[in-house]
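Q: This is data-v8.csv (CSV, N, CA and C atoms).
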chain,number,residue,atom,x,y,z
F,1,MET,N,63.1,10.8,-75.3
F,1,MET,CA,64.3,10.0,-75.2
F,1,MET,C,64.4,9.1,-76.4
F,2,MET,N,65.6,9.0,-76.9
F,2,MET,CA,65.8,8.1,-78.1
F,2,MET,C,66.0,6.7,-77.7
F,3,THR,N,65.4,5.8,-78.5
F,3,THR,CA,65.6,4.4,-78.2
F,3,THR,C,67.0,4.0,-78.7
F,4,THR,N,67.4,2.8,-78.2
F,4,THR,CA,68.8,2.3,-78.5
F,4,THR,C,68.8,2.0,-80.0
F,5,THR,N,67.7,1.5,-80.5
F,5,THR,CA,67.7,1.1,-82.0
F,5,THR,C,67.9,2.4,-82.8
F,6,LEU,N,67.2,3.5,-82.5
F,6,LEU,CA,67.4,4.7,-83.2
F,6,LEU,C,68.8,5.2,-83.1
F,7,ARG,N,69.4,5.1,-81.9
F,7,ARG,CA,70.8,5.6,-81.7
F,7,ARG,C,71.7,4.8,-82.6
F,8,VAL,N,71.6,3.5,-82.6
F,8,VAL,CA,72.4,2.6,-83.4
F,8,VAL,C,72.3,2.9,-84.9
F,9,ALA,N,71.0,3.1,-85.3
F,9,ALA,CA,70.7,3.4,-86.7
F,9,ALA,C,71.4,4.7,-87.1
F,10,LEU,N,71.3,5.7,-86.2
F,10,LEU,CA,72.0,7.0,-86.5
F,10,LEU,C,73.5,6.9,-86.7
F,11,VAL,N,74.1,6.1,-85.8
F,11,VAL,CA,75.5,5.9,-85.9
F,11,VAL,C,75.9,5.2,-87.1
F,12,LEU,N,75.2,4.1,-87.5
F,12,LEU,CA,75.5,3.4,-88.7
F,12,LEU,C,75.3,4.2,-89.9
F,13,VAL,N,74.2,5.0,-90.0
F,13,VAL,CA,74.0,5.8,-91.2
F,13,VAL,C,75.0,6.9,-91.3
F,14,SER,N,75.4,7.4,-90.2
F,14,SER,CA,76.4,8.5,-90.1
F,14,SER,C,77.8,8.0,-90.6
F,15,PHE,N,78.2,6.9,-90.1
F,15,PHE,CA,79.5,6.3,-90.5
F,15,PHE,C,79.4,5.8,-92.0
F,16,GLY,N,78.3,5.3,-92.4
F,16,GLY,CA,78.1,4.9,-93.8
F,16,GLY,C,78.2,6.1,-94.7
F,17,THR,N,77.6,7.2,-94.3
F,17,THR,CA,77.7,8.5,-95.1
F,17,THR,C,79.1,9.0,-95.2
F,18,PHE,N,79.8,9.0,-94.0
F,18,PHE,CA,81.2,9.4,-93.9
F,18,PHE,C,82.1,8.6,-94.8
F,19,TYR,N,81.9,7.2,-94.8
F,19,TYR,CA,82.7,6.3,-95.6
F,19,TYR,C,82.4,6.6,-97.1
F,20,LEU,N,81.2,6.7,-97.4
F,20,LEU,CA,80.8,7.0,-98.8
F,20,LEU,C,81.4,8.2,-99.4
F,21,MET,N,81.4,9.3,-98.6
F,21,MET,CA,82.0,10.6,-99.0
F,21,MET,C,83.5,10.5,-99.2
F,22,MET,N,84.2,9.8,-98.2
F,22,MET,CA,85.6,9.6,-98.3
F,22,MET,C,86.0,8.8,-99.6
F,23,HIS,N,85.2,7.7,-99.8
F,23,HIS,CA,85.4,6.9,-101.0
F,23,HIS,C,85.2,7.7,-102.3
F,24,LYS,N,84.2,8.5,-102.4
F,24,LYS,CA,83.9,9.3,-103.6
F,24,LYS,C,85.0,10.4,-103.8
F,25,ILE,N,85.5,11.0,-102.7
F,25,ILE,CA,86.6,11.9,-102.8
F,25,ILE,C,87.9,11.3,-103.2
F,26,ARG,N,88.2,10.1,-102.7
F,26,ARG,CA,89.4,9.4,-103.1
F,26,ARG,C,89.4,9.0,-104.6
F,27,ARG,N,88.2,8.7,-105.1
F,27,ARG,CA,88.0,8.3,-106.5
F,27,ARG,C,87.9,9.5,-107.4
F,28,SER,N,88.0,10.7,-106.8
F,28,SER,CA,87.8,12.0,-107.6
F,28,SER,C,86.5,12.1,-108.3
F,29,LYS,N,85.4,11.5,-107.7
F,29,LYS,CA,84.1,11.6,-108.2
F,29,LYS,C,83.3,12.7,-107.5
F,30,LEU,N,83.9,13.3,-106.5
F,30,LEU,CA,83.2,14.3,-105.7
F,30,LEU,C,84.2,15.3,-105.2
F,31,GLN,N,83.9,16.6,-105.3
F,31,GLN,CA,84.8,17.6,-104.8
F,31,GLN,C,84.7,17.7,-103.3
F,32,ILE,N,85.8,18.0,-102.6
F,32,ILE,CA,85.8,18.2,-101.2
F,32,ILE,C,84.7,19.2,-100.7
F,33,GLU,N,84.6,20.3,-101.4
F,33,GLU,CA,83.7,21.3,-101.0
F,33,GLU,C,82.2,20.8,-101.0
F,34,SER,N,81.9,19.9,-102.0
F,34,SER,CA,80.6,19.4,-102.1
F,34,SER,C,80.3,18.4,-101.0
F,35,SER,N,81.3,17.7,-100.5
F,35,SER,CA,81.1,16.7,-99.5
F,35,SER,C,81.1,17.2,-98.1
F,36,ILE,N,81.6,18.4,-97.9
F,36,ILE,CA,81.7,19.0,-96.5
F,36,ILE,C,80.3,19.0,-95.8
F,37,PHE,N,79.3,19.3,-96.6
F,37,PHE,CA,77.9,19.4,-96.0
F,37,PHE,C,77.5,18.0,-95.5
F,38,TRP,N,77.8,16.9,-96.2
F,38,TRP,CA,77.3,15.6,-95.8
F,38,TRP,C,78.2,15.1,-94.6
F,39,ILE,N,79.5,15.5,-94.6
F,39,ILE,CA,80.3,15.0,-93.5
F,39,ILE,C,79.9,15.7,-92.2
F,40,VAL,N,79.6,17.0,-92.3
F,40,VAL,CA,79.2,17.8,-91.1
F,40,VAL,C,77.8,17.2,-90.6
F,41,LEU,N,76.9,16.9,-91.5
F,41,LEU,CA,75.6,16.3,-91.2
F,41,LEU,C,75.8,15.0,-90.5
F,42,ALA,N,76.7,14.2,-91.0
F,42,ALA,CA,77.0,12.9,-90.4
F,42,ALA,C,77.6,13.1,-89.0
F,43,MET,N,78.4,14.0,-88.8
F,43,MET,CA,79.0,14.3,-87.4
F,43,MET,C,77.9,14.8,-86.5
F,44,VAL,N,77.0,15.6,-86.9
F,44,VAL,CA,75.9,16.1,-86.1
F,44,VAL,C,75.0,14.9,-85.7
F,45,LEU,N,74.8,14.0,-86.6
F,45,LEU,CA,74.0,12.8,-86.2
F,45,LEU,C,74.7,11.9,-85.3
F,46,VAL,N,76.0,11.8,-85.4
F,46,VAL,CA,76.8,11.0,-84.4
F,46,VAL,C,76.7,11.6,-83.0
F,47,ILE,N,76.8,12.9,-83.0
F,47,ILE,CA,76.7,13.7,-81.7
F,47,ILE,C,75.3,13.4,-81.1
F,48,TYR,N,74.3,13.5,-81.9
F,48,TYR,CA,72.9,13.3,-81.4
F,48,TYR,C,72.7,11.9,-80.9
F,49,SER,N,73.4,10.9,-81.5
F,49,SER,CA,73.2,9.5,-81.1
F,49,SER,C,74.1,9.1,-79.9
F,50,ILE,N,75.3,9.7,-79.9
F,50,ILE,CA,76.1,9.4,-78.7
F,50,ILE,C,75.7,10.1,-77.5
F,51,PHE,N,75.3,11.4,-77.7
F,51,PHE,CA,74.8,12.2,-76.6
F,51,PHE,C,73.4,12.6,-76.8
F,52,PRO,N,72.5,11.6,-76.5
F,52,PRO,CA,71.0,11.9,-76.8
F,52,PRO,C,70.5,13.1,-76.0
F,53,GLY,N,71.1,13.4,-74.9
F,53,GLY,CA,70.7,14.6,-74.2
F,53,GLY,C,70.7,15.9,-75.0
F,54,VAL,N,71.6,16.0,-75.9
F,54,VAL,CA,71.7,17.2,-76.8
F,54,VAL,C,70.4,17.2,-77.6
F,55,ALA,N,70.0,16.1,-78.2
F,55,ALA,CA,68.8,16.1,-79.1
F,55,ALA,C,67.6,16.3,-78.2
F,56,ASP,N,67.6,15.8,-77.0
F,56,ASP,CA,66.5,16.0,-76.1
F,56,ASP,C,66.3,17.5,-75.7
F,57,PHE,N,67.5,18.1,-75.4
F,57,PHE,CA,67.5,19.5,-75.1
F,57,PHE,C,67.0,20.3,-76.2
F,58,CYS,N,67.5,20.1,-77.4
F,58,CYS,CA,67.0,20.8,-78.6
F,58,CYS,C,65.5,20.7,-78.8
F,59,ALA,N,65.0,19.4,-78.7
F,59,ALA,CA,63.6,19.2,-78.8
F,59,ALA,C,62.8,20.0,-77.8
F,60,HIS,N,63.2,19.9,-76.6
F,60,HIS,CA,62.4,20.6,-75.5
F,60,HIS,C,62.5,22.1,-75.7
F,61,LEU,N,63.7,22.6,-76.2
F,61,LEU,CA,63.9,24.0,-76.4
F,61,LEU,C,63.0,24.5,-77.5
F,62,LEU,N,62.7,23.7,-78.5
F,62,LEU,CA,61.8,24.1,-79.6
F,62,LEU,C,60.4,23.7,-79.3
F,63,GLY,N,60.1,23.1,-78.1
F,63,GLY,CA,58.7,22.8,-77.8
F,63,GLY,C,58.2,21.5,-78.5
F,64,ILE,N,59.1,20.7,-78.9
F,64,ILE,CA,58.7,19.4,-79.6
F,64,ILE,C,58.7,18.3,-78.6
F,65,TYR,N,57.6,17.6,-78.5
F,65,TYR,CA,57.3,16.6,-77.5
F,65,TYR,C,58.3,15.4,-77.6
F,66,ALA,N,58.4,14.8,-78.7
F,66,ALA,CA,59.3,13.6,-78.8
F,66,ALA,C,60.6,14.0,-79.6
F,67,THR,N,61.7,13.4,-79.1
F,67,THR,CA,63.0,13.6,-79.7
F,67,THR,C,63.0,13.1,-81.1
F,68,THR,N,62.4,12.0,-81.3
F,68,THR,CA,62.4,11.5,-82.7
F,68,THR,C,61.7,12.4,-83.7
F,69,ASN,N,60.6,13.1,-83.2
F,69,ASN,CA,60.0,14.1,-84.1
F,69,ASN,C,61.0,15.2,-84.4
F,70,PHE,N,61.8,15.6,-83.4
F,70,PHE,CA,62.8,16.7,-83.6
F,70,PHE,C,63.8,16.2,-84.6
F,71,LEU,N,64.2,15.0,-84.5
F,71,LEU,CA,65.2,14.5,-85.5
F,71,LEU,C,64.7,14.5,-86.9
F,72,PHE,N,63.4,14.0,-87.0
F,72,PHE,CA,62.8,14.1,-88.4
F,72,PHE,C,62.7,15.5,-88.9
F,73,LEU,N,62.2,16.4,-88.0
F,73,LEU,CA,62.1,17.8,-88.4
F,73,LEU,C,63.4,18.4,-88.8
F,74,PHE,N,64.4,18.1,-88.0
F,74,PHE,CA,65.8,18.6,-88.2
F,74,PHE,C,66.3,18.1,-89.6
F,75,ALA,N,66.1,16.8,-89.9
F,75,ALA,CA,66.5,16.2,-91.2
F,75,ALA,C,65.8,16.9,-92.3
F,76,ILE,N,64.5,17.0,-92.2
F,76,ILE,CA,63.7,17.7,-93.3
F,76,ILE,C,64.1,19.1,-93.5
F,77,PHE,N,64.3,19.8,-92.4
F,77,PHE,CA,64.8,21.2,-92.5
F,77,PHE,C,66.1,21.3,-93.2
F,78,VAL,N,67.1,20.5,-92.8
F,78,VAL,CA,68.4,20.5,-93.4
F,78,VAL,C,68.4,20.2,-94.9
F,79,LEU,N,67.6,19.2,-95.2
F,79,LEU,CA,67.5,18.8,-96.6
F,79,LEU,C,66.8,19.9,-97.5
F,80,ILE,N,65.8,20.5,-96.9
F,80,ILE,CA,65.1,21.6,-97.6
F,80,ILE,C,66.1,22.8,-97.9
F,81,VAL,N,66.9,23.1,-96.9
F,81,VAL,CA,68.0,24.1,-97.1
F,81,VAL,C,69.0,23.7,-98.1
F,82,LYS,N,69.4,22.4,-98.1
F,82,LYS,CA,70.3,21.9,-99.1
F,82,LYS,C,69.7,22.0,-100.5
F,83,VAL,N,68.5,21.6,-100.7
F,83,VAL,CA,67.8,21.7,-102.0
F,83,VAL,C,67.8,23.2,-102.4
F,84,PHE,N,67.5,24.1,-101.5
F,84,PHE,CA,67.4,25.5,-101.9
F,84,PHE,C,68.7,26.0,-102.4
F,85,TYR,N,69.8,25.6,-101.7
F,85,TYR,CA,71.2,26.1,-102.2
F,85,TYR,C,71.6,25.4,-103.5
F,86,MET,N,71.2,24.1,-103.6
F,86,MET,CA,71.5,23.4,-104.9
F,86,MET,C,70.7,24.1,-106.0
F,87,THR,N,69.5,24.5,-105.8
F,87,THR,CA,68.7,25.2,-106.8
F,87,THR,C,69.3,26.5,-107.2
F,88,ILE,N,69.8,27.2,-106.3
F,88,ILE,CA,70.6,28.5,-106.6
F,88,ILE,C,71.8,28.2,-107.4
F,89,HIS,N,72.5,27.1,-107.0
F,89,HIS,CA,73.8,26.8,-107.7
F,89,HIS,C,73.5,26.3,-109.2
F,90,ILE,N,72.4,25.5,-109.3
F,90,ILE,CA,72.0,25.0,-110.7
F,90,ILE,C,71.6,26.2,-111.5
F,91,SER,N,70.9,27.1,-111.0
F,91,SER,CA,70.5,28.3,-111.7
F,91,SER,C,71.7,29.1,-112.2
F,92,GLN,N,72.7,29.3,-111.3
F,92,GLN,CA,73.9,30.0,-111.7
F,92,GLN,C,74.6,29.2,-112.8
F,93,LEU,N,74.7,27.9,-112.7
F,93,LEU,CA,75.4,27.1,-113.7
F,93,LEU,C,74.7,27.2,-115.1
F,94,GLU,N,73.3,27.2,-115.0
F,94,GLU,CA,72.6,27.3,-116.3
F,94,GLU,C,72.8,28.6,-117.0
F,95,THR,N,72.8,29.7,-116.2
F,95,THR,CA,73.1,31.0,-116.7
F,95,THR,C,74.5,31.0,-117.3
F,96,ARG,N,75.5,30.4,-116.6
F,96,ARG,CA,76.8,30.4,-117.2
F,96,ARG,C,77.0,29.6,-118.4
F,97,VAL,N,76.3,28.5,-118.5
F,97,VAL,CA,76.3,27.6,-119.7
F,97,VAL,C,75.7,28.4,-120.9
F,98,LYS,N,74.6,29.1,-120.6
F,98,LYS,CA,73.9,29.9,-121.7
F,98,LYS,C,74.9,31.0,-122.2
F,99,GLU,N,75.6,31.7,-121.3
F,99,GLU,CA,76.5,32.7,-121.7
F,99,GLU,C,77.7,32.1,-122.5
F,100,LEU,N,78.2,30.9,-122.1
F,100,LEU,CA,79.3,30.3,-122.8
F,100,LEU,C,78.8,29.8,-124.2
F,101,VAL,N,77.6,29.3,-124.3
F,101,VAL,CA,77.1,28.9,-125.6
F,101,VAL,C,77.0,30.1,-126.5
F,102,GLN,N,76.5,31.2,-126.0
F,102,GLN,CA,76.4,32.4,-126.8
F,102,GLN,C,77.7,32.9,-127.2
F,103,GLU,N,78.7,32.9,-126.3
F,103,GLU,CA,80.1,33.3,-126.7
F,103,GLU,C,80.7,32.4,-127.8
F,104,MET,N,80.4,31.1,-127.6
F,104,MET,CA,80.9,30.2,-128.6
F,104,MET,C,80.3,30.5,-130.0
F,105,ALA,N,79.0,30.7,-130.0
F,105,ALA,CA,78.3,31.0,-131.3
F,105,ALA,C,78.8,32.3,-131.9
F,106,LEU,N,79.0,33.3,-131.1
F,106,LEU,CA,79.6,34.5,-131.7
F,106,LEU,C,81.0,34.3,-132.2
F,107,GLU,N,81.8,33.6,-131.5
F,107,GLU,CA,83.2,33.3,-132.0
F,107,GLU,C,83.1,32.5,-133.3
F,108,GLU,N,82.2,31.5,-133.4
F,108,GLU,CA,82.1,30.7,-134.6
F,108,GLU,C,81.6,31.6,-135.8
F,109,LYS,N,80.7,32.5,-135.5
F,109,LYS,CA,80.2,33.5,-136.5
F,109,LYS,C,81.4,34.4,-137.0
F,110,ARG,N,82.2,34.9,-136.1
F,110,ARG,CA,83.3,35.7,-136.4
F,110,ARG,C,84.3,34.9,-137.3
F,111,ARG,N,84.6,33.7,-137.0
F,111,ARG,CA,85.5,32.9,-137.8
F,111,ARG,C,84.9,32.6,-139.2
F,112,GLU,N,83.6,32.3,-139.3
F,112,GLU,CA,83.0,32.1,-140.6
F,112,GLU,C,83.1,33.4,-141.4
F,113,GLU,N,82.9,34.5,-140.8
F,113,GLU,CA,83.0,35.8,-141.5
F,113,GLU,C,84.4,36.1,-142.0
F,114,ALA,N,85.4,35.8,-141.1
F,114,ALA,CA,86.8,36.0,-141.4
F,114,ALA,C,87.2,35.0,-142.6
F,115,ASP,N,86.7,33.8,-142.5
F,115,ASP,CA,87.0,32.8,-143.6
F,115,ASP,C,86.4,33.3,-144.9
F,116,ALA,N,85.2,33.8,-144.8
F,116,ALA,CA,84.5,34.2,-146.1
F,116,ALA,C,85.2,35.4,-146.6
F,117,GLY,N,85.7,36.3,-145.8
F,117,GLY,CA,86.4,37.5,-146.2
F,117,GLY,C,87.7,37.1,-146.9
F,118,GLN,N,88.4,36.1,-146.4
F,118,GLN,CA,89.7,35.7,-147.0
F,118,GLN,C,89.4,35.0,-148.4
F,119,GLU,N,88.3,34.3,-148.5
F,119,GLU,CA,88.0,33.6,-149.8
F,119,GLU,C,87.7,34.6,-150.9
F,120,THR,N,87.0,35.7,-150.5
F,120,THR,CA,86.7,36.7,-151.5
F,120,THR,C,87.9,37.5,-151.9
F,121,GLU,N,88.9,37.7,-151.0
F,121,GLU,CA,90.1,38.4,-151.3
F,121,GLU,C,91.0,37.5,-152.2
F,122,GLY,N,90.9,36.2,-152.0
F,122,GLY,CA,91.7,35.3,-152.8
F,122,GLY,C,91.2,35.2,-154.2
F,123,GLU,N,89.8,35.4,-154.4
F,123,GLU,CA,89.2,35.3,-155.8
F,123,GLU,C,89.5,36.6,-156.6
F,124,THR,N,89.6,37.7,-155.9
F,124,THR,CA,89.9,39.0,-156.6
F,124,THR,C,91.4,39.1,-156.9
F,125,ALA,N,92.3,38.4,-156.3
F,125,ALA,CA,93.7,38.6,-156.6
F,125,ALA,C,94.1,37.8,-157.7
Please, can you express the file's structure as structure tokens?
A:
Amino acid sequence: MMTTTLRVALVLVSFGTFYLMMHKIRRSKLQIESSIFWIVLAMVLVIYSIFPGVADFCAHLLGIYATTNFLFLFAIFVLIVKVFYMTIHISQLETRVKELVQEMALEEKRREEADAGQETEGETA
């Protein structure tokens, strides 16, 4: 069973996260797609704190003795999954940046060669 202090803390943290995400979206410092994860997580924590029976049921279903241990395990698992997906996204972005830099270098090389070709034509004329 969750203590009242833990329930209040979960609600406060959840609403704080929700407020922060809305504030960042309004200021155009965060894309909506990126904040959906945190908003959903905040809603799940609110559900767990308002209806502690849900968290108790999940804990007992998984064979976890204390509900607080389940909440910590849940948070760790969710954050590990988030880090995994962020790692994939960063890897894709790094690959794309590398490709763009290579394309820019090739385009610059082509321009230099075109400029050099025009200079030699101007000298012979």
Q: What's around segment 75-92 of chain F at 9 Å? Count only C-alpha atoms, leave out sequence neighbours fewer than 5 positions away in its own chain, and write the answer as a PyMOL selection string.
A: chain F and resi 37+41+70+97
Q: For Val46 of chain F, find every residue with an atom within 8 Å (counting only C-alpha atoms), except residues of its own chain fewer than 2 positions away, and show them as a ChimeraX atom specification.
A: /F:10-11,14,42-44,48-50
Q: Smallest atom-to-atom distance to His23 of chain F: which of F:Asn69, F:Ser35, F:Ala114, F:Leu61, using only C-alpha atoms?
A: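 That would be F:Ser35, the residue with the smallest distance to His23 of chain F.
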Q: Which distance in Å separates atom CA of Phe51 of chain F and atom C of Arg7 of chain F, to one decimal?
A: 10.0 Å
Q: Between F:Ala105, F:Met21, F:Ala55, F:Leu6, which has the minimum distance to Ile39 of chain F (counting all atoms listed in the file)?
A: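 Among the listed residues, the smallest separation from Ile39 of chain F belongs to F:Met21.
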Q: Using Å and a single decimal, report how far atom CA of Thr67 of chain F sits from atom CA of Thr4 of chain F.
A: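 Result for atom CA of Thr4 of chain F versus atom CA of Thr67 of chain F: 12.8 Å, one decimal.
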Q: Any chance you could model all heavy atoms for segment 67-78 of chain F and send them as an mmCIF file, in the coordinates of the input?
A:
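Writing done, so here's rebuild-v9.cif:
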data_model
loop_
_atom_site.group_PDB
_atom_site.id
_atom_site.type_symbol
_atom_site.label_atom_id
_atom_site.label_comp_id
_atom_site.auth_asym_id
_atom_site.auth_seq_id
_atom_site.Cartn_x
_atom_site.Cartn_y
_atom_site.Cartn_z
ATOM 1 N N THR F 67 61.700 13.400 -79.100
ATOM 2 C CA THR F 67 63.000 13.600 -79.700
ATOM 3 C C THR F 67 63.000 13.100 -81.100
ATOM 4 O O THR F 67 63.666 13.716 -81.952
ATOM 5 C CB THR F 67 64.071 12.934 -78.811
ATOM 6 O OG1 THR F 67 63.937 13.378 -77.459
ATOM 7 C CG2 THR F 67 65.448 13.276 -79.304
ATOM 8 N N THR F 68 62.400 12.000 -81.300
ATOM 9 C CA THR F 68 62.400 11.500 -82.700
ATOM 10 C C THR F 68 61.700 12.400 -83.700
ATOM 11 O O THR F 68 62.157 12.574 -84.813
ATOM 12 C CB THR F 68 61.659 10.089 -82.777
ATOM 13 O OG1 THR F 68 60.364 10.206 -82.188
ATOM 14 C CG2 THR F 68 62.456 9.028 -82.060
ATOM 15 N N ASN F 69 60.600 13.100 -83.200
ATOM 16 C CA ASN F 69 60.000 14.100 -84.100
ATOM 17 C C ASN F 69 61.000 15.200 -84.400
ATOM 18 O O ASN F 69 61.016 15.768 -85.467
ATOM 19 C CB ASN F 69 58.739 14.667 -83.401
ATOM 20 C CG ASN F 69 57.631 13.655 -83.336
ATOM 21 O OD1 ASN F 69 57.668 12.643 -84.018
ATOM 22 N ND2 ASN F 69 56.651 13.924 -82.497
ATOM 23 N N PHE F 70 61.800 15.600 -83.400
ATOM 24 C CA PHE F 70 62.800 16.700 -83.600
ATOM 25 C C PHE F 70 63.800 16.200 -84.600
ATOM 26 O O PHE F 70 64.169 16.985 -85.511
ATOM 27 C CB PHE F 70 63.492 17.005 -82.275
ATOM 28 C CG PHE F 70 64.769 17.761 -82.490
ATOM 29 C CD1 PHE F 70 64.752 19.100 -82.866
ATOM 30 C CD2 PHE F 70 65.997 17.139 -82.340
ATOM 31 C CE1 PHE F 70 65.932 19.794 -83.094
ATOM 32 C CE2 PHE F 70 67.173 17.815 -82.559
ATOM 33 C CZ PHE F 70 67.145 19.155 -82.934
ATOM 34 N N LEU F 71 64.200 15.000 -84.500
ATOM 35 C CA LEU F 71 65.200 14.500 -85.500
ATOM 36 C C LEU F 71 64.700 14.500 -86.900
ATOM 37 O O LEU F 71 65.383 14.841 -87.840
ATOM 38 C CB LEU F 71 65.709 13.073 -85.069
ATOM 39 C CG LEU F 71 66.541 13.015 -83.788
ATOM 40 C CD1 LEU F 71 66.812 11.573 -83.391
ATOM 41 C CD2 LEU F 71 67.833 13.792 -83.948
ATOM 42 N N PHE F 72 63.400 14.000 -87.000
ATOM 43 C CA PHE F 72 62.800 14.100 -88.400
ATOM 44 C C PHE F 72 62.700 15.500 -88.900
ATOM 45 O O PHE F 72 62.940 15.789 -90.039
ATOM 46 C CB PHE F 72 61.495 13.320 -88.392
ATOM 47 C CG PHE F 72 61.624 11.834 -88.359
ATOM 48 C CD1 PHE F 72 61.027 11.107 -87.341
ATOM 49 C CD2 PHE F 72 62.332 11.160 -89.339
ATOM 50 C CE1 PHE F 72 61.147 9.725 -87.304
ATOM 51 C CE2 PHE F 72 62.454 9.788 -89.304
ATOM 52 C CZ PHE F 72 61.866 9.062 -88.282
ATOM 53 N N LEU F 73 62.200 16.400 -88.000
ATOM 54 C CA LEU F 73 62.100 17.800 -88.400
ATOM 55 C C LEU F 73 63.400 18.400 -88.800
ATOM 56 O O LEU F 73 63.526 19.121 -89.745
ATOM 57 C CB LEU F 73 61.416 18.563 -87.249
ATOM 58 C CG LEU F 73 61.140 20.043 -87.517
ATOM 59 C CD1 LEU F 73 60.099 20.185 -88.622
ATOM 60 C CD2 LEU F 73 60.661 20.726 -86.240
ATOM 61 N N PHE F 74 64.400 18.100 -88.000
ATOM 62 C CA PHE F 74 65.800 18.600 -88.200
ATOM 63 C C PHE F 74 66.300 18.100 -89.600
ATOM 64 O O PHE F 74 66.789 18.858 -90.416
ATOM 65 C CB PHE F 74 66.737 18.074 -87.142
ATOM 66 C CG PHE F 74 68.182 18.357 -87.405
ATOM 67 C CD1 PHE F 74 68.698 19.639 -87.254
ATOM 68 C CD2 PHE F 74 69.041 17.340 -87.805
ATOM 69 C CE1 PHE F 74 70.028 19.903 -87.501
ATOM 70 C CE2 PHE F 74 70.375 17.591 -88.051
ATOM 71 C CZ PHE F 74 70.875 18.874 -87.894
ATOM 72 N N ALA F 75 66.100 16.800 -89.900
ATOM 73 C CA ALA F 75 66.500 16.200 -91.200
ATOM 74 C C ALA F 75 65.800 16.900 -92.300
ATOM 75 O O ALA F 75 66.356 17.225 -93.354
ATOM 76 C CB ALA F 75 66.287 14.705 -91.181
ATOM 77 N N ILE F 76 64.500 17.000 -92.200
ATOM 78 C CA ILE F 76 63.700 17.700 -93.300
ATOM 79 C C ILE F 76 64.100 19.100 -93.500
ATOM 80 O O ILE F 76 64.311 19.527 -94.632
ATOM 81 C CB ILE F 76 62.159 17.604 -92.917
ATOM 82 C CG1 ILE F 76 61.664 16.159 -92.987
ATOM 83 C CG2 ILE F 76 61.349 18.504 -93.838
ATOM 84 C CD1 ILE F 76 60.284 15.955 -92.395
ATOM 85 N N PHE F 77 64.300 19.800 -92.400
ATOM 86 C CA PHE F 77 64.800 21.200 -92.500
ATOM 87 C C PHE F 77 66.100 21.300 -93.200
ATOM 88 O O PHE F 77 66.323 22.118 -94.135
ATOM 89 C CB PHE F 77 64.832 21.889 -91.149
ATOM 90 C CG PHE F 77 65.373 23.279 -91.177
ATOM 91 C CD1 PHE F 77 64.600 24.326 -91.662
ATOM 92 C CD2 PHE F 77 66.663 23.549 -90.747
ATOM 93 C CE1 PHE F 77 65.098 25.616 -91.698
ATOM 94 C CE2 PHE F 77 67.173 24.828 -90.780
ATOM 95 C CZ PHE F 77 66.386 25.869 -91.258
ATOM 96 N N VAL F 78 67.100 20.500 -92.800
ATOM 97 C CA VAL F 78 68.400 20.500 -93.400
ATOM 98 C C VAL F 78 68.400 20.200 -94.900
ATOM 99 O O VAL F 78 69.010 20.809 -95.698
ATOM 100 C CB VAL F 78 69.360 19.546 -92.623
ATOM 101 C CG1 VAL F 78 70.640 19.304 -93.380
ATOM 102 C CG2 VAL F 78 69.661 20.099 -91.237
#
